[in-house]
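For reference, the structure is listed below as structure tokens.
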Amino acid sequence: MPRLVAVTLMLAAAVFAADKYDGPRPPKPDLLYLVHADSLIPTEAADAKEESSKKDETTYTVPGASSSARTPVAEPVFLIEADKILPERLELYRWDVKNGRRELAMSKGRKRGGSRPLHLSVTRLEGKLYKVEASEPLDDGQYSVSPNDSNRVFCFEVF
């Protein structure tokens, strides 16, 4: 019986050792990086400006018609070394381009209309390192990942 316990413990240790992350690491905490093979591309970090345009809707804007962070990958993967950001609170949105800027309309309360978050998958790799993945293919366009309690946005473009 002691031999069975020892073998079981050795197998469990081997499984945990095999899960150690050995890929690229984000150079800065609390910034999302697009993963392209063994390289990391920083997303465009900005603070979305809140503008109330209608009674039941708030519009957020980011300057510029497109993001400097670009990916051809329809289901992008990101890495983040989370210090102050809670990865479980991240949401993915598609932005419209109007008047030379990016815009996102959000409904207040339970009203229909406005943008809804797209599906994300968040996986803890080790310590404060997390993998964030789009859980559905994204069409070409402007997107951001943002904590749901903040105007901080991490913008990118799928092309």
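Letters A, B, ... mark the chains of the structure tokens in the order given; residue numbers begin at 1 per chain; ligand numbers begin at 1, in order shown.
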
TODO: May I have the residues within 12 Å of Ile41 in chain A as a ChimeraX atom specification, using only C-alpha atoms and disregarding those fewer than 2 positions away in the same chain?
DONE: /A:24-28,31-39,43-45,68-71,76-80,154-157

Please produce a file of those selected residues containing N, CA and C atoms, as a PDB file, in the first residue's frame.
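This went into result.pdb:
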ATOM      1  N   PRO A  24       6.414  33.028 -23.749  1.00  0.00           N
ATOM      2  CA  PRO A  24       6.808  34.428 -23.522  1.00  0.00           C
ATOM      3  C   PRO A  24       6.044  35.027 -22.348  1.00  0.00           C
ATOM      4  N   ARG A  25       6.661  36.007 -21.691  1.00  0.00           N
ATOM      5  CA  ARG A  25       6.048  36.642 -20.526  1.00  0.00           C
ATOM      6  C   ARG A  25       5.857  38.131 -20.774  1.00  0.00           C
ATOM      7  N   PRO A  26       4.725  38.676 -20.336  1.00  0.00           N
ATOM      8  CA  PRO A  26       4.493  40.111 -20.503  1.00  0.00           C
ATOM      9  C   PRO A  26       5.542  40.941 -19.767  1.00  0.00           C
ATOM     10  N   PRO A  27       6.129  41.939 -20.451  1.00  0.00           N
ATOM     11  CA  PRO A  27       7.140  42.771 -19.789  1.00  0.00           C
ATOM     12  C   PRO A  27       6.555  43.748 -18.760  1.00  0.00           C
ATOM     13  N   LYS A  28       5.259  44.121 -18.908  1.00  0.00           N
ATOM     14  CA  LYS A  28       4.623  45.063 -17.982  1.00  0.00           C
ATOM     15  C   LYS A  28       3.367  44.423 -17.390  1.00  0.00           C
ATOM     16  N   LEU A  31      -1.259  44.957 -18.487  1.00  0.00           N
ATOM     17  CA  LEU A  31      -1.400  45.315 -19.895  1.00  0.00           C
ATOM     18  C   LEU A  31      -1.615  44.018 -20.662  1.00  0.00           C
ATOM     19  N   LEU A  32      -2.646  43.987 -21.500  1.00  0.00           N
ATOM     20  CA  LEU A  32      -2.902  42.798 -22.314  1.00  0.00           C
ATOM     21  C   LEU A  32      -1.962  42.780 -23.504  1.00  0.00           C
ATOM     22  N   TYR A  33      -1.434  41.606 -23.803  1.00  0.00           N
ATOM     23  CA  TYR A  33      -0.540  41.406 -24.950  1.00  0.00           C
ATOM     24  C   TYR A  33      -1.149  40.351 -25.862  1.00  0.00           C
ATOM     25  N   LEU A  34      -1.210  40.646 -27.147  1.00  0.00           N
ATOM     26  CA  LEU A  34      -1.608  39.657 -28.143  1.00  0.00           C
ATOM     27  C   LEU A  34      -0.486  38.640 -28.289  1.00  0.00           C
ATOM     28  N   VAL A  35      -0.824  37.369 -28.324  1.00  0.00           N
ATOM     29  CA  VAL A  35       0.172  36.313 -28.500  1.00  0.00           C
ATOM     30  C   VAL A  35       0.235  35.962 -29.982  1.00  0.00           C
ATOM     31  N   HIS A  36       1.426  36.127 -30.561  1.00  0.00           N
ATOM     32  CA  HIS A  36       1.699  35.714 -31.946  1.00  0.00           C
ATOM     33  C   HIS A  36       2.899  34.788 -31.888  1.00  0.00           C
ATOM     34  N   ALA A  37       2.662  33.495 -31.927  1.00  0.00           N
ATOM     35  CA  ALA A  37       3.719  32.475 -31.815  1.00  0.00           C
ATOM     36  C   ALA A  37       4.503  32.731 -30.526  1.00  0.00           C
ATOM     37  N   ASP A  38       5.797  33.050 -30.634  1.00  0.00           N
ATOM     38  CA  ASP A  38       6.614  33.295 -29.445  1.00  0.00           C
ATOM     39  C   ASP A  38       6.792  34.775 -29.152  1.00  0.00           C
ATOM     40  N   SER A  39       6.017  35.641 -29.811  1.00  0.00           N
ATOM     41  CA  SER A  39       6.124  37.078 -29.537  1.00  0.00           C
ATOM     42  C   SER A  39       4.846  37.612 -28.917  1.00  0.00           C
ATOM     43  N   THR A  43      -1.305  45.523 -26.563  1.00  0.00           N
ATOM     44  CA  THR A  43      -2.535  46.144 -27.052  1.00  0.00           C
ATOM     45  C   THR A  43      -2.422  47.653 -26.823  1.00  0.00           C
ATOM     46  N   GLU A  44      -3.293  48.398 -27.470  1.00  0.00           N
ATOM     47  CA  GLU A  44      -3.336  49.850 -27.305  1.00  0.00           C
ATOM     48  C   GLU A  44      -4.145  50.154 -26.042  1.00  0.00           C
ATOM     49  N   ALA A  45      -3.464  50.579 -24.988  1.00  0.00           N
ATOM     50  CA  ALA A  45      -4.140  50.884 -23.727  1.00  0.00           C
ATOM     51  C   ALA A  45      -4.619  52.328 -23.751  1.00  0.00           C
ATOM     52  N   SER A  68      -3.402  50.537 -33.109  1.00  0.00           N
ATOM     53  CA  SER A  68      -2.027  50.233 -33.533  1.00  0.00           C
ATOM     54  C   SER A  68      -1.692  48.754 -33.315  1.00  0.00           C
ATOM     55  N   ALA A  69      -2.433  48.073 -32.456  1.00  0.00           N
ATOM     56  CA  ALA A  69      -2.229  46.637 -32.208  1.00  0.00           C
ATOM     57  C   ALA A  69      -3.126  45.866 -33.171  1.00  0.00           C
ATOM     58  N   ARG A  70      -2.509  45.056 -34.020  1.00  0.00           N
ATOM     59  CA  ARG A  70      -3.272  44.358 -35.063  1.00  0.00           C
ATOM     60  C   ARG A  70      -2.956  42.870 -35.051  1.00  0.00           C
ATOM     61  N   THR A  71      -3.975  42.073 -35.391  1.00  0.00           N
ATOM     62  CA  THR A  71      -3.783  40.625 -35.487  1.00  0.00           C
ATOM     63  C   THR A  71      -4.626  40.062 -36.633  1.00  0.00           C
ATOM     64  N   PRO A  76      -8.273  35.644 -31.179  1.00  0.00           N
ATOM     65  CA  PRO A  76      -6.999  36.040 -30.564  1.00  0.00           C
ATOM     66  C   PRO A  76      -6.825  35.519 -29.141  1.00  0.00           C
ATOM     67  N   VAL A  77      -5.548  35.341 -28.796  1.00  0.00           N
ATOM     68  CA  VAL A  77      -5.147  34.912 -27.459  1.00  0.00           C
ATOM     69  C   VAL A  77      -4.291  36.028 -26.876  1.00  0.00           C
ATOM     70  N   PHE A  78      -4.513  36.328 -25.598  1.00  0.00           N
ATOM     71  CA  PHE A  78      -3.786  37.384 -24.901  1.00  0.00           C
ATOM     72  C   PHE A  78      -3.133  36.804 -23.662  1.00  0.00           C
ATOM     73  N   LEU A  79      -2.083  37.484 -23.215  1.00  0.00           N
ATOM     74  CA  LEU A  79      -1.499  37.197 -21.909  1.00  0.00           C
ATOM     75  C   LEU A  79      -1.547  38.471 -21.096  1.00  0.00           C
ATOM     76  N   ILE A  80      -1.743  38.316 -19.796  1.00  0.00           N
ATOM     77  CA  ILE A  80      -1.687  39.447 -18.873  1.00  0.00           C
ATOM     78  C   ILE A  80      -1.064  38.987 -17.568  1.00  0.00           C
ATOM     79  N   PHE A 154      -8.251  48.003 -23.645  1.00  0.00           N
ATOM     80  CA  PHE A 154      -7.083  47.457 -24.331  1.00  0.00           C
ATOM     81  C   PHE A 154      -7.538  47.141 -25.748  1.00  0.00           C
ATOM     82  N   CYS A 155      -7.232  48.048 -26.665  1.00  0.00           N
ATOM     83  CA  CYS A 155      -7.770  47.988 -28.020  1.00  0.00           C
ATOM     84  C   CYS A 155      -6.871  47.181 -28.956  1.00  0.00           C
ATOM     85  N   PHE A 156      -7.516  46.571 -29.973  1.00  0.00           N
ATOM     86  CA  PHE A 156      -6.793  45.843 -31.009  1.00  0.00           C
ATOM     87  C   PHE A 156      -7.685  45.751 -32.234  1.00  0.00           C
ATOM     88  N   GLU A 157      -7.065  45.407 -33.338  1.00  0.00           N
ATOM     89  CA  GLU A 157      -7.791  45.256 -34.586  1.00  0.00           C
ATOM     90  C   GLU A 157      -7.599  43.855 -35.136  1.00  0.00           C
TER      91      GLU A 157
END

Task: Best match for closeness to Lys98 in chain A among A:Ser146, A:Ser52, A:Thr123, A:Ser66, counting only C-alpha atoms - done: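 Smallest separation from Lys98 in chain A among the options: A:Ser66.
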
Task: Point-to-point distance from CA of Asp139 in chain A to CA of Pro29 in chain A, Å rounded to tenths - done: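 Value for the CA of Asp139 in chain A-CA of Pro29 in chain A distance: 28.3 Å.
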
Open item on the list: Taking only range 1-158 of chain A into account, list the residues labelled strand (DSSP E or B) by DSSP (computed from the backbone), as a ChimeraX atom specification.
Closed with: /A:33-36,39-42,44-47,49-54,57-63,70-71,77-81,90-98,101-107,118,120-126,129-134,141-147,152-158
